[in-house]
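K.L.:
Data file entry07.cif (mmCIF, C-alpha atoms) is appended below.
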```cif
data_coords
#
loop_
_atom_site.label_atom_id
_atom_site.label_comp_id
_atom_site.auth_asym_id
_atom_site.auth_seq_id
_atom_site.Cartn_x
_atom_site.Cartn_y
_atom_site.Cartn_z
CA MET R 1 0.00 0.00 0.00
CA ASN R 2 1.52 3.33 -1.09
CA TRP R 3 1.34 6.67 0.73
CA ALA R 4 -1.47 8.01 -1.49
CA SER R 5 -3.70 5.04 -0.65
CA LEU R 6 -2.87 5.29 3.04
CA LYS R 7 -3.65 9.00 3.06
CA TYR R 8 -6.95 8.37 1.29
CA LEU R 9 -7.97 5.66 3.77
CA ILE R 10 -7.12 7.86 6.77
CA LYS R 11 -9.27 10.65 5.30
CA GLU R 12 -12.01 8.11 4.74
CA GLY R 13 -11.80 7.12 8.41
CA PHE R 14 -12.32 10.71 9.54
CA ARG R 15 -15.05 11.24 6.94
CA ASN R 16 -16.85 8.08 8.02
CA THR R 17 -16.71 9.23 11.65
CA TRP R 18 -18.56 12.40 10.70
CA SER R 19 -20.87 10.82 8.12
CA ASN R 20 -22.01 8.24 10.65
CA ARG R 21 -22.07 10.70 13.52
CA MET R 22 -25.09 9.15 15.21
CA MET R 23 -23.27 5.85 15.54
CA SER R 24 -20.07 7.71 16.46
CA VAL R 25 -21.90 9.55 19.24
CA ALA R 26 -23.33 6.23 20.45
CA SER R 27 -19.84 4.68 20.51
CA ILE R 28 -18.40 7.68 22.35
CA CYS R 29 -21.22 7.56 24.92
CA VAL R 30 -20.58 3.86 25.54
CA LEU R 31 -16.84 4.36 25.99
CA LEU R 32 -17.43 7.52 28.02
CA SER R 33 -19.72 5.67 30.45
CA CYS R 34 -17.25 2.81 30.92
CA LEU R 35 -14.22 5.10 31.31
CA VAL R 36 -16.02 7.35 33.80
CA ILE R 37 -16.87 4.30 35.92
CA ILE R 38 -13.29 3.03 35.63
CA GLY R 39 -11.85 6.47 36.51
CA SER R 40 -14.23 7.01 39.44
CA THR R 41 -13.50 3.53 40.76
CA ALA R 42 -9.76 4.15 40.42
CA MET R 43 -9.97 7.43 42.39
CA ILE R 44 -12.00 5.75 45.14
CA PHE R 45 -9.43 2.98 45.51
CA LEU R 46 -6.52 5.44 45.34
CA ASN R 47 -8.05 7.39 48.25
CA ILE R 48 -8.67 4.20 50.23
CA ASN R 49 -5.13 3.02 49.54
CA SER R 50 -3.79 6.42 50.63
CA LEU R 51 -5.73 6.10 53.89
CA VAL R 52 -4.37 2.61 54.48
CA GLU R 53 -0.81 3.81 53.80
CA ARG R 54 -1.30 6.64 56.28
CA ILE R 55 -2.48 4.20 58.94
CA GLU R 56 0.44 1.94 58.06
CA SER R 57 2.88 4.79 58.63
CA GLU R 58 1.40 5.30 62.09
CA ASN R 59 1.54 1.59 62.90
CA VAL R 60 5.09 1.70 64.19
CA ILE R 61 7.20 -0.34 66.58
CA MET R 62 8.12 1.52 69.75
CA VAL R 63 11.46 0.40 71.17
CA TYR R 64 11.91 1.60 74.77
CA ILE R 65 15.36 1.74 76.30
CA ASN R 66 15.70 0.06 79.69
CA ASP R 67 18.24 2.59 80.95
CA LYS R 68 17.76 1.80 84.66
CA ASP R 69 16.91 -1.27 86.68
CA GLU R 70 14.42 -1.49 89.57
CA LYS R 71 17.05 -0.18 92.02
CA GLY R 72 17.81 2.83 89.83
CA ASN R 73 21.16 1.58 88.60
CA VAL R 74 22.14 2.74 85.13
CA LEU R 75 22.04 -0.10 82.60
CA VAL R 76 23.02 1.67 79.37
CA SER R 77 25.10 4.72 78.59
CA GLU R 78 24.43 7.43 76.01
CA ASP R 79 26.83 5.72 73.60
CA GLN R 80 24.99 2.42 74.02
CA ILE R 81 21.67 4.13 73.31
CA LYS R 82 23.12 5.51 70.06
CA SER R 83 24.48 2.04 69.26
CA ILE R 84 20.98 0.58 69.62
CA GLY R 85 19.71 3.18 67.15
CA LYS R 86 22.38 2.21 64.62
CA LYS R 87 21.49 -1.49 64.99
CA LEU R 88 17.85 -0.68 64.28
CA GLU R 89 18.74 1.36 61.17
CA LYS R 90 20.79 -1.52 59.73
CA MET R 91 17.94 -4.04 60.03
CA ASN R 92 16.02 -5.27 56.99
CA ASN R 93 12.46 -4.01 56.49
CA VAL R 94 13.12 -0.84 58.52
CA ALA R 95 12.08 2.32 56.66
CA SER R 96 13.04 4.87 59.30
CA VAL R 97 14.22 5.15 62.90
CA GLU R 98 13.37 8.22 64.97
CA PHE R 99 14.82 8.85 68.43
CA VAL R 100 12.27 10.10 70.96
CA SER R 101 13.92 11.46 74.08
CA LYS R 102 12.15 11.00 77.40
CA GLU R 103 12.09 14.79 77.87
CA LYS R 104 10.23 15.28 74.59
CA ALA R 105 7.85 12.39 75.28
CA TRP R 106 7.09 13.69 78.79
CA ALA R 107 6.45 17.21 77.47
CA GLN R 108 3.97 15.82 74.95
CA GLN R 109 2.33 13.74 77.68
CA LEU R 110 1.90 16.81 79.90
CA LYS R 111 0.15 18.66 77.07
CA THR R 112 -2.57 15.99 77.02
CA MET R 113 -3.28 16.49 80.74
CA GLU R 114 -5.40 19.15 82.40
CA ASP R 115 -3.48 22.09 83.89
CA ALA R 116 -3.98 21.00 87.50
CA GLN R 117 -2.95 17.43 86.73
CA ALA R 118 0.15 18.54 84.81
CA GLU R 119 1.14 20.92 87.63
CA PHE R 120 0.74 18.10 90.18
CA PHE R 121 3.12 15.78 88.31
CA THR R 122 5.75 18.47 87.80
CA THR R 123 5.53 19.59 91.44
CA VAL R 124 5.65 16.15 93.05
CA SER R 125 8.86 15.11 91.34
CA SER R 126 11.32 16.45 88.82
CA ASP R 127 12.11 12.93 87.64
CA ILE R 128 10.73 11.90 84.26
CA PRO R 129 8.82 8.59 84.51
CA LEU R 130 9.29 7.76 80.82
CA PRO R 131 12.28 6.08 79.13
CA ASP R 132 14.09 7.12 75.97
CA ALA R 133 12.70 5.35 72.92
CA TYR R 134 13.09 4.73 69.22
CA LYS R 135 10.14 4.96 66.84
CA VAL R 136 10.68 2.35 64.13
CA THR R 137 8.64 2.44 60.91
CA VAL R 138 8.65 -0.75 58.84
CA THR R 139 8.71 -0.99 55.04
CA ASP R 140 6.61 -4.12 54.50
CA LEU R 141 3.84 -4.95 56.98
CA GLY R 142 3.85 -8.52 55.70
CA LYS R 143 7.25 -8.94 57.44
CA PHE R 144 6.15 -7.08 60.57
CA LYS R 145 6.39 -10.05 62.97
CA ASN R 146 9.82 -11.07 61.72
CA THR R 147 11.06 -7.51 62.21
CA VAL R 148 9.71 -7.46 65.78
CA LYS R 149 11.48 -10.78 66.54
CA GLU R 150 14.75 -9.38 65.21
CA ILE R 151 14.42 -6.21 67.28
CA LYS R 152 13.71 -8.18 70.47
CA LYS R 153 17.14 -9.80 70.20
CA ILE R 154 18.72 -6.46 71.20
CA ASP R 155 19.61 -6.22 74.92
CA ASN R 156 18.12 -3.72 77.40
CA ILE R 157 15.02 -2.82 75.42
CA THR R 158 11.24 -3.29 75.65
CA VAL R 159 9.19 -3.52 72.47
CA ARG R 160 5.62 -2.31 72.07
CA GLU R 161 3.87 -3.23 68.82
CA ASN R 162 0.51 -4.15 67.32
CA SER R 163 1.07 -7.12 65.02
CA ASP R 164 -2.67 -7.83 64.70
CA LEU R 165 -3.33 -4.38 63.25
CA ALA R 166 -0.33 -4.74 60.95
CA LYS R 167 -1.67 -8.05 59.65
CA LYS R 168 -5.14 -6.58 59.05
CA LEU R 169 -3.71 -3.56 57.22
CA ASP R 170 -1.57 -5.81 55.04
CA THR R 171 -4.65 -7.89 54.17
CA ILE R 172 -6.71 -4.78 53.41
CA SER R 173 -3.97 -3.35 51.18
CA HIS R 174 -3.72 -6.57 49.12
CA GLY R 175 -7.51 -6.86 48.98
CA ILE R 176 -7.87 -3.32 47.64
CA SER R 177 -5.34 -4.01 44.88
CA ILE R 178 -7.06 -7.24 43.81
CA ILE R 179 -10.55 -5.70 43.84
CA ALA R 180 -9.37 -2.69 41.83
CA ILE R 181 -7.73 -4.91 39.19
CA VAL R 182 -10.82 -7.14 38.91
CA ILE R 183 -13.29 -4.25 38.61
CA ILE R 184 -11.21 -2.34 36.06
CA SER R 185 -10.62 -5.53 34.03
CA VAL R 186 -14.34 -6.37 33.99
CA LEU R 187 -15.27 -2.82 32.96
CA PHE R 188 -12.66 -2.87 30.21
CA ALA R 189 -14.03 -6.17 28.91
CA ILE R 190 -17.56 -4.77 28.99
CA SER R 191 -16.50 -1.63 27.11
CA LEU R 192 -14.71 -3.76 24.49
CA PHE R 193 -17.80 -5.95 24.06
CA ILE R 194 -20.21 -3.02 23.77
CA ILE R 195 -18.02 -1.00 21.40
CA ALA R 196 -17.58 -4.09 19.22
CA ASN R 197 -21.33 -4.48 18.98
CA THR R 198 -21.81 -0.77 18.32
CA ILE R 199 -19.30 -0.92 15.46
CA LYS R 200 -21.03 -4.06 14.25
CA LEU R 201 -24.14 -1.97 13.72
CA THR R 202 -22.03 0.57 11.83
CA VAL R 203 -20.60 -2.16 9.61
CA TYR R 204 -24.07 -3.58 8.99
CA SER R 205 -25.41 -0.16 7.99
CA ARG R 206 -22.53 0.18 5.52
CA ARG R 207 -22.52 -3.39 4.24
CA LEU R 208 -23.45 -2.27 0.71
CA GLU R 209 -20.45 0.09 0.61
CA ILE R 210 -18.14 -2.67 1.88
CA SER R 211 -19.51 -5.21 -0.59
CA ILE R 212 -18.91 -2.80 -3.50
CA MET R 213 -15.33 -2.21 -2.34
CA LYS R 214 -14.76 -5.97 -2.16
CA SER R 215 -16.37 -6.43 -5.59
CA VAL R 216 -13.85 -4.10 -7.23
CA GLY R 217 -10.93 -6.00 -5.70
CA ALA R 218 -10.25 -4.14 -2.43
CA THR R 219 -8.17 -6.16 0.05
CA ASN R 220 -9.30 -6.84 3.60
CA SER R 221 -6.66 -4.39 4.91
CA PHE R 222 -7.95 -1.68 2.55
CA VAL R 223 -11.52 -2.21 3.80
CA ARG R 224 -10.50 -2.47 7.44
CA LEU R 225 -8.20 0.58 7.78
CA PRO R 226 -10.91 3.32 7.71
CA PHE R 227 -12.70 1.51 10.54
CA VAL R 228 -9.44 1.34 12.50
CA VAL R 229 -8.91 5.09 12.01
CA GLU R 230 -12.51 5.62 13.09
CA GLY R 231 -11.85 3.56 16.23
CA ILE R 232 -8.75 5.64 17.04
CA VAL R 233 -10.66 8.91 16.64
CA LEU R 234 -13.51 7.66 18.83
CA GLY R 235 -11.04 6.41 21.43
CA ILE R 236 -9.17 9.73 21.68
CA VAL R 237 -12.37 11.79 21.88
CA SER R 238 -13.82 9.42 24.50
CA GLY R 239 -10.62 9.56 26.57
CA VAL R 240 -10.50 13.35 26.68
CA LEU R 241 -14.21 13.71 27.47
CA SER R 242 -13.99 10.98 30.13
CA LEU R 243 -11.18 12.78 31.95
CA GLY R 244 -13.27 15.95 32.14
CA ALA R 245 -16.29 13.99 33.36
CA VAL R 246 -14.35 12.11 36.07
CA TRP R 247 -12.69 15.36 37.17
CA GLY R 248 -16.08 17.03 37.55
CA VAL R 249 -17.64 14.07 39.40
CA TYR R 250 -14.63 13.77 41.73
CA GLU R 251 -14.53 17.47 42.63
CA LEU R 252 -18.30 17.44 43.22
CA ALA R 253 -17.99 14.40 45.50
CA VAL R 254 -15.10 15.96 47.46
CA ARG R 255 -17.06 19.18 48.03
CA SER R 256 -20.20 17.27 49.01
CA PHE R 257 -18.36 15.16 51.60
CA SER R 258 -15.86 17.83 52.72
CA ASP R 259 -17.46 18.21 56.17
CA LEU R 260 -17.44 14.45 56.74
CA LEU R 261 -13.81 14.14 55.60
CA THR R 262 -12.78 17.03 57.88
CA SER R 263 -14.56 15.51 60.90
CA LEU R 264 -12.73 12.22 60.32
CA GLY R 265 -9.41 14.00 59.85
CA LEU R 266 -9.12 12.80 56.27
CA VAL R 267 -7.83 14.69 53.23
CA ALA R 268 -8.91 13.71 49.70
CA LEU R 269 -6.21 13.29 47.08
CA LYS R 270 -5.76 16.08 44.54
CA PHE R 271 -7.13 15.04 41.17
CA THR R 272 -4.56 17.19 39.37
CA ASP R 273 -1.80 14.84 40.62
CA TYR R 274 -3.40 12.00 38.66
CA ALA R 275 -4.98 13.88 35.73
CA LEU R 276 -2.14 13.46 33.23
CA PRO R 277 -1.52 9.72 33.85
CA MET R 278 -5.27 9.11 33.82
CA LEU R 279 -5.62 10.97 30.51
CA GLY R 280 -2.95 8.77 28.97
CA ILE R 281 -4.61 5.62 30.31
CA PHE R 282 -8.07 6.76 29.14
CA ILE R 283 -6.84 7.52 25.63
CA ALA R 284 -4.96 4.19 25.51
CA VAL R 285 -8.02 2.26 26.73
CA GLY R 286 -10.25 4.19 24.32
CA ILE R 287 -7.99 3.49 21.35
CA ILE R 288 -7.56 -0.19 22.27
CA SER R 289 -11.33 -0.56 22.74
CA GLY R 290 -12.15 1.30 19.53
CA VAL R 291 -9.50 -0.37 17.38
CA GLY R 292 -10.02 -3.76 19.04
CA GLY R 293 -13.77 -3.55 18.54
CA SER R 294 -13.28 -2.55 14.92
CA LEU R 295 -10.82 -5.35 14.18
CA ILE R 296 -12.93 -8.01 15.91
CA THR R 297 -16.10 -6.95 14.10
CA MET R 298 -14.44 -6.51 10.70
CA ARG R 299 -12.67 -9.85 10.93
CA ARG R 300 -15.91 -11.66 11.65
CA TYR R 301 -17.73 -9.78 8.92
CA LEU R 302 -15.05 -10.20 6.27
CA ASN R 303 -14.82 -13.93 7.02
CA LYS R 304 -18.52 -14.21 6.15
CA GLU R 305 -18.34 -11.49 3.57
CA GLY R 306 -18.98 -13.76 0.61
CA SER R 307 -22.40 -14.83 1.82
CA GLU R 308 -23.19 -11.28 2.94
CA ILE R 309 -22.42 -9.90 -0.52
CA SER R 310 -24.48 -12.47 -2.30
CA ALA R 311 -27.38 -11.66 -0.01
CA VAL R 312 -27.06 -7.97 -0.83
#
```
Could you write out this structure as structure tokens?
P.N.:
Amino acid sequence: MNWASLKYLIKEGFRNTWSNRMMSVASICVLLSCLVIIGSTAMIFLNINSLVERIESENVIMVYINDKDEKGNVLVSEDQIKSIGKKLEKMNNVASVEFVSKEKAWAQQLKTMEDAQAEFFTTVSSDIPLPDAYKVTVTDLGKFKNTVKEIKKIDNITVRENSDLAKKLDTISHGISIIAIVIISVLFAISLFIIANTIKLTVYSRRLEISIMKSVGATNSFVRLPFVVEGIVLGIVSGVLSLGAVWGVYELAVRSFSDLLTSLGLVALKFTDYALPMLGIFIAVGIISGVGGSLITMRRYLNKEGSEISAV
């Protein structure tokens, strides 16, 4: 196929999109509906996943330093406390280690008390009843228990952790990923099926035109290319419109539930951070659906084309 033929077929694809605008609008509406559902579902799961990650970051291991025994004898020196911190940092599955001095922890504790209660504790004794500690954040909650076991091997420390919560959060995180993949895959399959059937109607309405082209010796590729171009055009238009629709729906939902989110201390993700990747995905899904639907329908039709032509 030379450049002149290719150029002609591309123009035919655009012309057919406009000439059959009712069917084009129907195809765009189908893809738009599916992509809006996919995009909205993706934003919901992204927000849920963000919430889970935030809870995960707060689900830390507190490592308290046993600096004194029951008789008040010093067990560890300042250098040994720093050495414990270095051991924690070198461990696998440790994302960060933050030293929390007993003075800082006690000051924060006093802020949570009423004024009279705080004054009583500071007046009764100048000693701080809290130990120095390290706040350890893990990388993978699936290895949480193993990390705790490794930390407990260090001398002169007490570990406080919540392995049950870590396990639940790890399960929730994996569950969210699986559900998101399943839903998006099902919606993509549905959009492909519907667009294929919509294009099938377009092919049927233009069966006389196709049969004439085949009668004068047009190859299957020559007949198929305008439909492929049409599928690309529909996919791009659907992708751009879908992004705008999802953006509008998301912003409306965030404003509607802003009071609820604030009361729960939650912050919705900014759509602008995901707009560009989502646009690329929408256009890609739209093109794949449009082109895939066109190719599937045209292949089936052209395979039976002989009987179809004779019937016409």
K.L.:
In Å to one decimal, how far is CA of Lys145 in chain R from CA of Leu46 in chain R?
P.N.:
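Pair CA of Leu46 in chain R / CA of Lys145 in chain R returns 26.8 Å.
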K.L.:
R:Leu208, R:Val285, R:Leu295, R:Ile176: which is nearest Asn47 in chain R, counting all atoms listed in the file?
P.N.:
R:Ile176
K.L.:
Near Pro131 in chain R, counting all atoms listed in the file, which residues have an atom at most 7 Å away, once you skip same-chain residues fewer than 2 positions from it, shown as a PyMOL selection string?
P.N.:
chain R and resi 64-66+102+129+133
K.L.:
Selection in question (the file shown): the PyMOL selection byres ((chain R and resi 287) around 7). Which residues does it include, as a ChimeraX atom specification?
P.N.:
/R:231-232,235-236,283-286,288-291
K.L.:
As a list in words, please: the residues near Val36 in chain R (cut-off 7 Å, only C-alpha atoms, same-chain neighbours under 6 positions excluded).
P.N.:
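That gives Ser242, Ala245 and Val246 of chain R.
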K.L.:
Which residue out of R:Asp132, R:Glu230, R:Asp140, R:Glu53 has the minimum interatomic distance to Ala95 in chain R when all atoms listed in the file are used?
P.N.:
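Using all atoms listed in the file, the shortest distance to Ala95 in chain R belongs to R:Asp140.
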K.L.:
CA of Arg54 in chain R and CA of Ser173 in chain R, how far apart in Å?
P.N.:
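These atoms are spaced 11.5 Å apart.
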K.L.:
Just checking: using only C-alpha atoms, which residue out of R:Ile28, R:Ile184, R:Cys34, R:Val100 ends up closest to Leu130 in chain R?
P.N.:
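Going through R:Ile28, R:Ile184, R:Cys34, R:Val100 one by one, the smallest distance to Leu130 in chain R is for R:Val100.
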K.L.:
May I ask for the distance between CA of Met43 in chain R and CA of Ser27 in chain R, given in Å to one decimal place?
P.N.:
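Value for the CA of Met43 in chain R-CA of Ser27 in chain R distance: 24.2 Å.
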K.L.:
Restricting the calculation to only C-alpha atoms, which member of R:Val136, R:Ala275, R:Ile157, R:Val97 is positioned closest to Val76 in chain R?
P.N.:
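Closest to Val76 in chain R of all the choices is R:Ile157.
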K.L.:
From the list R:Leu252, R:Ala42, R:Val138, R:Leu241, which residue is nearest Leu88 in chain R when using all atoms listed in the file?
P.N.:
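Using all atoms listed in the file, Leu88 in chain R sits closest to R:Val138.
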K.L.:
Residues near Leu187 in chain R, anyone? I mean within 9 Å using only C-alpha atoms, not counting same-chain ones fewer than 6 positions away, as a list in words.
P.N.:
Cys34, Leu35, Ile37 and Ile38 of chain R
K.L.:
On this file, the PyMOL selection byres ((chain R and resi 94) around 12) gives some set of residues; write that set as a ChimeraX atom specification.
P.N.:
/R:57,60-61,85-93,95-98,135-141,143-144,146-148,150-151
K.L.:
Between R:Leu243, R:Ala189, R:Ile178, R:Met213, which has the minimum distance to Phe45 in chain R (counting all atoms listed in the file)?
P.N.:
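Smallest distance to Phe45 in chain R is found for R:Ile178.
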